[in-house]
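The next block is start30.txt, given as compact mmCIF, C-alpha atoms.
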```txt
# COMPACT_ATOMS: atom_id res chain seq x y z
CA GLY J 1 -18.20 30.70 -75.19
CA GLU J 2 -18.94 27.11 -76.10
CA ASN J 3 -22.52 25.98 -76.56
CA VAL J 4 -23.59 22.35 -76.92
CA GLU J 5 -26.96 21.35 -78.33
CA GLN J 6 -28.22 17.79 -77.84
CA HIS J 7 -31.09 15.98 -79.59
CA PRO J 8 -33.45 14.34 -78.99
CA SER J 9 -34.38 15.12 -75.41
CA THR J 10 -36.21 11.80 -75.08
CA LEU J 11 -35.79 8.59 -77.05
CA SER J 12 -37.74 5.39 -76.72
CA VAL J 13 -36.62 2.20 -78.49
CA GLN J 14 -37.43 -1.48 -78.40
CA GLU J 15 -34.88 -3.84 -76.93
CA GLY J 16 -32.45 -4.91 -79.62
CA ASP J 17 -32.90 -1.77 -81.72
CA SER J 18 -30.22 0.89 -82.19
CA ALA J 19 -30.27 4.33 -80.58
CA VAL J 20 -28.58 7.46 -81.90
CA ILE J 21 -28.07 10.70 -79.99
CA LYS J 22 -26.68 13.76 -81.73
CA CYS J 23 -24.84 16.83 -80.44
CA THR J 24 -23.53 19.98 -82.06
CA TYR J 25 -20.97 22.39 -80.64
CA SER J 26 -20.08 25.97 -81.47
CA ASP J 27 -16.42 26.51 -80.50
CA SER J 28 -13.97 25.25 -83.10
CA ALA J 29 -11.26 25.17 -80.39
CA SER J 30 -13.04 22.29 -78.62
CA ASN J 31 -10.98 19.13 -78.97
CA TYR J 32 -12.38 16.67 -76.46
CA PHE J 33 -15.88 15.14 -76.58
CA PRO J 34 -16.98 12.74 -73.83
CA TRP J 35 -20.30 11.01 -73.33
CA TYR J 36 -21.77 10.29 -69.93
CA LYS J 37 -24.52 7.96 -68.74
CA GLN J 38 -26.44 8.90 -65.64
CA GLU J 39 -28.85 6.48 -64.04
CA LEU J 40 -31.45 7.79 -61.64
CA GLY J 41 -29.89 8.90 -58.38
CA LYS J 42 -26.37 8.06 -59.50
CA ARG J 43 -23.30 9.94 -60.65
CA PRO J 44 -22.62 10.60 -64.34
CA GLN J 45 -20.34 7.85 -65.66
CA LEU J 46 -17.97 8.29 -68.56
CA ILE J 47 -18.88 5.70 -71.19
CA ILE J 48 -16.81 6.79 -74.18
CA ASP J 49 -14.89 9.80 -75.41
CA ILE J 50 -13.29 11.02 -78.61
CA ARG J 51 -10.67 13.59 -79.44
CA SER J 52 -10.61 15.85 -82.45
CA ASN J 53 -7.82 13.93 -84.18
CA VAL J 54 -10.09 10.86 -84.51
CA GLY J 55 -13.26 10.46 -86.56
CA GLU J 56 -14.76 7.40 -84.92
CA LYS J 57 -14.29 5.27 -81.84
CA LYS J 58 -15.97 2.01 -80.82
CA ASP J 59 -16.29 0.12 -77.58
CA GLN J 60 -18.38 -3.03 -77.86
CA ARG J 61 -22.00 -1.87 -78.48
CA ILE J 62 -21.16 1.82 -78.20
CA ALA J 63 -19.62 4.03 -80.86
CA VAL J 64 -19.04 7.74 -81.24
CA THR J 65 -18.48 9.65 -84.46
CA LEU J 66 -17.10 13.16 -84.86
CA ASN J 67 -17.43 15.54 -87.80
CA LYS J 68 -15.15 18.51 -87.07
CA THR J 69 -16.16 20.39 -90.20
CA ALA J 70 -19.83 20.30 -89.31
CA LYS J 71 -19.07 20.55 -85.56
CA HIS J 72 -21.24 17.63 -84.60
CA PHE J 73 -20.73 14.32 -82.87
CA SER J 74 -23.03 11.39 -82.26
CA LEU J 75 -23.42 8.44 -79.91
CA HIS J 76 -24.57 5.15 -81.37
CA ILE J 77 -25.77 2.28 -79.19
CA THR J 78 -26.49 -1.00 -80.95
CA GLU J 79 -28.47 -3.99 -79.68
CA THR J 80 -29.96 -1.93 -76.90
CA GLN J 81 -30.81 -3.59 -73.59
CA PRO J 82 -33.12 -2.47 -70.75
CA GLU J 83 -30.07 -1.63 -68.64
CA ASP J 84 -29.12 1.00 -71.24
CA SER J 85 -32.08 3.04 -70.00
CA ALA J 86 -30.66 6.25 -68.50
CA VAL J 87 -30.00 9.90 -69.26
CA TYR J 88 -27.09 10.41 -71.65
CA PHE J 89 -25.11 13.63 -71.76
CA CYS J 90 -22.67 14.80 -74.40
CA ALA J 91 -20.02 17.38 -73.58
CA ALA J 92 -17.26 19.39 -75.21
CA SER J 93 -14.12 20.99 -73.86
CA THR J 94 -10.68 22.24 -74.80
CA GLU J 95 -7.93 20.16 -73.25
CA SER J 96 -4.49 21.65 -72.81
CA GLY J 97 -1.47 21.09 -70.61
CA GLY J 98 -3.05 18.37 -68.52
CA SER J 99 -6.12 20.41 -67.78
CA GLN J 100 -9.45 18.90 -68.78
CA GLY J 101 -10.81 22.36 -69.40
CA ASN J 102 -14.39 23.15 -68.62
CA LEU J 103 -16.83 20.54 -69.85
CA ILE J 104 -19.84 22.16 -71.46
CA PHE J 105 -22.73 19.70 -71.38
CA GLY J 106 -25.74 19.20 -73.55
CA LYS J 107 -29.14 19.12 -71.85
CA GLY J 108 -29.29 15.34 -71.90
CA THR J 109 -31.29 12.61 -73.63
CA LYS J 110 -33.53 10.31 -71.64
CA LEU J 111 -33.27 6.90 -73.29
CA SER J 112 -35.90 4.30 -72.52
CA VAL J 113 -35.40 0.76 -73.77
CA LYS J 114 -38.60 -1.27 -73.73
CA PRO J 115 -38.29 -5.02 -73.23
CA LYS T 1 -8.17 2.91 -56.72
CA ALA T 2 -10.81 4.64 -54.69
CA GLY T 3 -13.15 6.83 -56.68
CA VAL T 4 -13.90 10.49 -56.24
CA THR T 5 -15.27 11.09 -52.77
CA GLN T 6 -17.53 13.97 -51.87
CA THR T 7 -18.67 14.97 -48.42
CA PRO T 8 -21.20 15.47 -47.12
CA ARG T 9 -23.73 13.62 -49.27
CA TYR T 10 -26.69 15.69 -48.14
CA LEU T 11 -27.03 19.17 -46.66
CA ILE T 12 -29.94 21.33 -45.63
CA LYS T 13 -29.21 25.01 -45.10
CA THR T 14 -31.30 28.12 -44.64
CA ARG T 15 -31.16 31.19 -46.84
CA GLY T 16 -28.31 33.52 -46.02
CA GLN T 17 -26.06 30.83 -44.57
CA GLN T 18 -22.86 29.66 -46.15
CA VAL T 19 -21.75 26.13 -46.96
CA THR T 20 -18.50 24.32 -47.71
CA LEU T 21 -18.39 21.14 -49.76
CA SER T 22 -15.41 18.82 -49.96
CA CYS T 23 -14.01 16.66 -52.74
CA SER T 24 -11.20 14.10 -52.65
CA PRO T 25 -10.07 13.19 -56.17
CA ILE T 26 -8.86 9.84 -57.41
CA SER T 27 -5.29 9.28 -56.28
CA GLY T 28 -2.88 10.82 -58.76
CA HIS T 29 -5.45 13.09 -60.38
CA ARG T 30 -4.45 16.75 -60.21
CA SER T 31 -7.36 18.36 -62.03
CA VAL T 32 -10.57 18.87 -60.08
CA SER T 33 -13.70 20.49 -61.44
CA TRP T 34 -17.03 21.36 -59.90
CA TYR T 35 -20.43 21.26 -61.55
CA GLN T 36 -23.94 22.20 -60.52
CA GLN T 37 -26.76 19.94 -61.66
CA THR T 38 -30.39 21.05 -61.61
CA PRO T 39 -33.45 19.72 -63.48
CA GLY T 40 -33.91 23.03 -65.29
CA GLN T 41 -30.34 23.98 -66.20
CA GLY T 42 -28.72 20.57 -66.43
CA LEU T 43 -25.01 20.24 -65.72
CA GLN T 44 -23.25 23.58 -65.48
CA PHE T 45 -19.54 24.14 -65.01
CA LEU T 46 -18.52 26.08 -61.90
CA PHE T 47 -14.71 26.04 -61.87
CA GLU T 48 -11.63 23.91 -62.43
CA TYR T 49 -8.52 23.66 -60.32
CA PHE T 50 -5.20 22.25 -61.45
CA SER T 51 -2.14 22.17 -59.23
CA GLU T 52 -3.82 24.48 -56.69
CA THR T 53 -4.58 27.13 -59.35
CA GLN T 54 -7.97 28.01 -60.72
CA ARG T 55 -7.72 27.36 -64.45
CA ASN T 56 -11.25 28.02 -65.59
CA LYS T 57 -14.37 29.58 -64.13
CA GLY T 58 -17.97 29.26 -65.20
CA ASN T 59 -20.64 31.91 -65.28
CA PHE T 60 -21.63 31.90 -61.61
CA PRO T 61 -21.72 34.81 -59.15
CA GLY T 62 -18.84 35.55 -56.82
CA ARG T 63 -20.73 33.86 -53.97
CA PHE T 64 -19.39 30.62 -55.42
CA SER T 65 -15.72 30.07 -54.73
CA GLY T 66 -13.32 27.22 -54.39
CA ARG T 67 -9.80 26.18 -53.66
CA GLN T 68 -7.48 23.25 -54.07
CA PHE T 69 -4.92 22.01 -51.60
CA SER T 70 -1.45 20.61 -52.23
CA ASN T 71 -2.80 17.03 -51.98
CA SER T 72 -5.30 17.89 -54.79
CA ARG T 73 -8.30 17.79 -52.45
CA SER T 74 -10.71 20.59 -53.22
CA GLU T 75 -13.40 22.55 -51.47
CA MET T 76 -16.08 24.79 -52.80
CA ASN T 77 -17.86 27.41 -50.77
CA VAL T 78 -21.17 29.12 -51.36
CA SER T 79 -21.90 32.20 -49.28
CA THR T 80 -25.22 33.95 -48.67
CA LEU T 81 -27.22 30.98 -49.86
CA GLU T 82 -30.30 31.52 -52.01
CA LEU T 83 -33.20 29.16 -52.67
CA GLY T 84 -32.00 28.80 -56.25
CA ASP T 85 -28.71 27.32 -55.05
CA SER T 86 -30.54 24.08 -54.23
CA ALA T 87 -28.91 21.53 -56.50
CA LEU T 88 -26.68 18.51 -56.78
CA TYR T 89 -23.06 19.64 -56.68
CA LEU T 90 -20.73 17.29 -58.47
CA CYS T 91 -16.99 17.15 -58.31
CA ALA T 92 -14.94 15.49 -61.04
CA SER T 93 -11.26 14.63 -61.19
CA SER T 94 -9.12 14.02 -64.22
CA PRO T 95 -5.72 12.41 -64.77
CA ARG T 96 -2.99 14.52 -66.27
CA THR T 97 -2.39 12.63 -69.46
CA SER T 98 -5.46 10.81 -70.67
CA GLY T 99 -8.27 13.19 -69.90
CA GLY T 100 -11.70 12.02 -68.98
CA ALA T 101 -13.49 13.45 -65.99
CA PHE T 102 -14.64 11.03 -63.30
CA PHE T 103 -17.45 12.19 -61.08
CA GLY T 104 -18.12 11.76 -57.41
CA GLN T 105 -21.56 10.89 -56.04
CA GLY T 106 -22.31 14.53 -55.42
CA THR T 107 -23.57 16.61 -52.53
CA ARG T 108 -27.28 17.29 -52.54
CA LEU T 109 -27.76 20.81 -51.17
CA THR T 110 -31.21 21.97 -50.19
CA VAL T 111 -31.71 25.61 -49.25
CA VAL T 112 -34.88 26.37 -47.28
```
Take the structure I supplied and represent it as structure tokens, if you would.
Amino acid sequence: GENVEQHPSTLSVQEGDSAVIKCTYSDSASNYFPWYKQELGKRPQLIIDIRSNVGEKKDQRIAVTLNKTAKHFSLHITETQPEDSAVYFCAASTESGGSQGNLIFGKGTKLSVKP
Amino acid sequence: KAGVTQTPRYLIKTRGQQVTLSCSPISGHRSVSWYQQTPGQGLQFLFEYFSETQRNKGNFPGRFSGRQFSNSRSEMNVSTLELGDSALYLCASSPRTSGGAFFGQGTRLTVV
């Protein structure tokens, strides 16, 4: 089955710096790669996603890149702010016929942005 | 639109009991999935329902089961509770066409 590895497990940056979180997956059939942000005591929130027919996607300060050949994808956050502090999870799944499939999550990265 | 709603928010049960958790998806979403979140294991997939049919199942024992109703609402049941079942149980719903799973607030289950 699918396995998703996520690095680093913790990341500390200064406000205004960039943060990069990397994930690798094992199943070449995976075609959907979302990223979630989870603040303490709250639900995971979808912040950006990418499908296997796209190499990069941006949304304001957040971008995700996908390398299908190497089976890895990354989250890039620019101009970090204290409110970006949270645990970030990557995930992979195989979408088909309207089904989201089963999301396989990485172990998470705790991002701390120091003011 | 209202978000994904899970009830109850908190539960305390004793070992050996059973529990039923409920999830109401976002209106129009037909895919509902359940996940278990623990500090040690992270987020683990339990099962997915789509149009009242179980489409996928994670690697959990048969004590964990679920179902989906015709209005897309879903329930999951855990029988013969064990201490290790203490976790946050999250439900997520997904629209048919655009993907993306949207999570509810979760049910915090404590088994004592």
## Note on the structure
Taken to one decimal, the atom CA of Asp84 of chain J-atom CA of Thr107 of chain T distance is 25.0 Å
Could you pull the residues within 8 Å of segment 43-45 of chain T, counting only C-alpha atoms, minus those fewer than 2 positions along the same chain, as a tab-separated table (two decimals) with C-alpha atoms, in the frame of the given file?
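Output file around.tsv is given in full below:
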```tsv
chain	number	residue	atom	x	y	z
J	102	ASN	CA	-14.39	23.15	-68.62
J	103	LEU	CA	-16.83	20.54	-69.85
J	104	ILE	CA	-19.84	22.16	-71.46
J	105	PHE	CA	-22.73	19.70	-71.38
J	106	GLY	CA	-25.74	19.20	-73.55
J	107	LYS	CA	-29.14	19.12	-71.85
T	33	SER	CA	-13.70	20.49	-61.44
T	34	TRP	CA	-17.03	21.36	-59.90
T	35	TYR	CA	-20.43	21.26	-61.55
T	36	GLN	CA	-23.94	22.20	-60.52
T	37	GLN	CA	-26.76	19.94	-61.66
T	38	THR	CA	-30.39	21.05	-61.61
T	41	GLN	CA	-30.34	23.98	-66.20
T	47	PHE	CA	-14.71	26.04	-61.87
T	57	LYS	CA	-14.37	29.58	-64.13
T	58	GLY	CA	-17.97	29.26	-65.20
T	59	ASN	CA	-20.64	31.91	-65.28
```
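With all atoms listed in the file taken into account, the protein and nucleic acid residues at most 9 Å from segment 35-40 of chain J (excluding it and anything under 5 positions from it in its own chain) are Gln45, Leu46, Ile47, Ile48, Asp49, Ile50, Val64, Leu75, Asp84, Ser85, Ala86, Val87, Tyr88, Phe89, Cys90 and Ala91 of chain J.
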Distance limit 7 Å, atoms considered: all atoms listed in the file. Which chain T residues sit that close to chain J? Return them as a compact mmCIF listing (two decimals) with C-alpha atoms, in the frame of the given file.
```txt
# COMPACT_ATOMS: atom_id res chain seq x y z
CA SER T 31 -7.36 18.36 -62.03
CA GLY T 42 -28.72 20.57 -66.43
CA LEU T 43 -25.01 20.24 -65.72
CA PHE T 45 -19.54 24.14 -65.01
CA GLU T 48 -11.63 23.91 -62.43
CA PHE T 50 -5.20 22.25 -61.45
CA ASN T 56 -11.25 28.02 -65.59
CA SER T 94 -9.12 14.02 -64.22
CA ARG T 96 -2.99 14.52 -66.27
CA THR T 97 -2.39 12.63 -69.46
CA GLY T 99 -8.27 13.19 -69.90
CA PHE T 102 -14.64 11.03 -63.30
CA PHE T 103 -17.45 12.19 -61.08
CA GLY T 104 -18.12 11.76 -57.41
CA GLN T 105 -21.56 10.89 -56.04
```
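You can rank T:Thr53, T:Ser65, T:Ser86, T:Asn71 by their closest distance to Thr110 of chain T using all atoms listed in the file, and at the top of that list sits T:Ser86.
Taking atom CA of Tyr10 of chain T and atom CA of Phe69 of chain T as endpoints, the distance between them is 22.9 Å.
With all atoms listed in the file as the atoms that count, the residue of J:Pro82, J:Asp27, J:Thr94, J:Thr65 with the shortest distance to Val13 of chain J is J:Pro82.
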### Message
For Ser9 of chain J, find every residue with an atom within 9 Å (counting all atoms listed in the file), except residues of its own chain fewer than 3 positions away, and show them as a ChimeraX atom specification.
### Response
/J:6,21,107-111
Can I get the selection written as a compact mmCIF listing (two decimals), keeping the file's coordinate frame, with C-alpha atoms?
```
# COMPACT_ATOMS: atom_id res chain seq x y z
CA GLN J 6 -28.22 17.79 -77.84
CA ILE J 21 -28.07 10.70 -79.99
CA LYS J 107 -29.14 19.12 -71.85
CA GLY J 108 -29.29 15.34 -71.90
CA THR J 109 -31.29 12.61 -73.63
CA LYS J 110 -33.53 10.31 -71.64
CA LEU J 111 -33.27 6.90 -73.29
```
Taking all atoms of segment 32-49 of chain J that the file lists, what box with edges along x, y and z, padded by 8 Å per side, do you get, with centre and edge lengths in Å to one decimal, as AutoDock Vina command-line options?
```
--center_x -21.9 --center_y 11.2 --center_z -67.5 --size_x 35.1 --size_y 27.0 --size_z 34.2
```
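Rounded to one decimal, atom CA of Thr5 of chain T and atom CA of Glu75 of chain T lie 11.7 Å from each other.
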### Query
Could you name the residues that touch Val4 of chain T at 6 Å or less, counting only C-alpha atoms, but leaving out those on the same chain fewer than 5 positions away, as a VMD selection string?
chain T and resid 24 to 26 104
### Query
With distances taken over only C-alpha atoms, which of T:Ser72, T:Pro8, T:His29, T:Ala2 is nearest to Leu109 of chain T?
T:Pro8
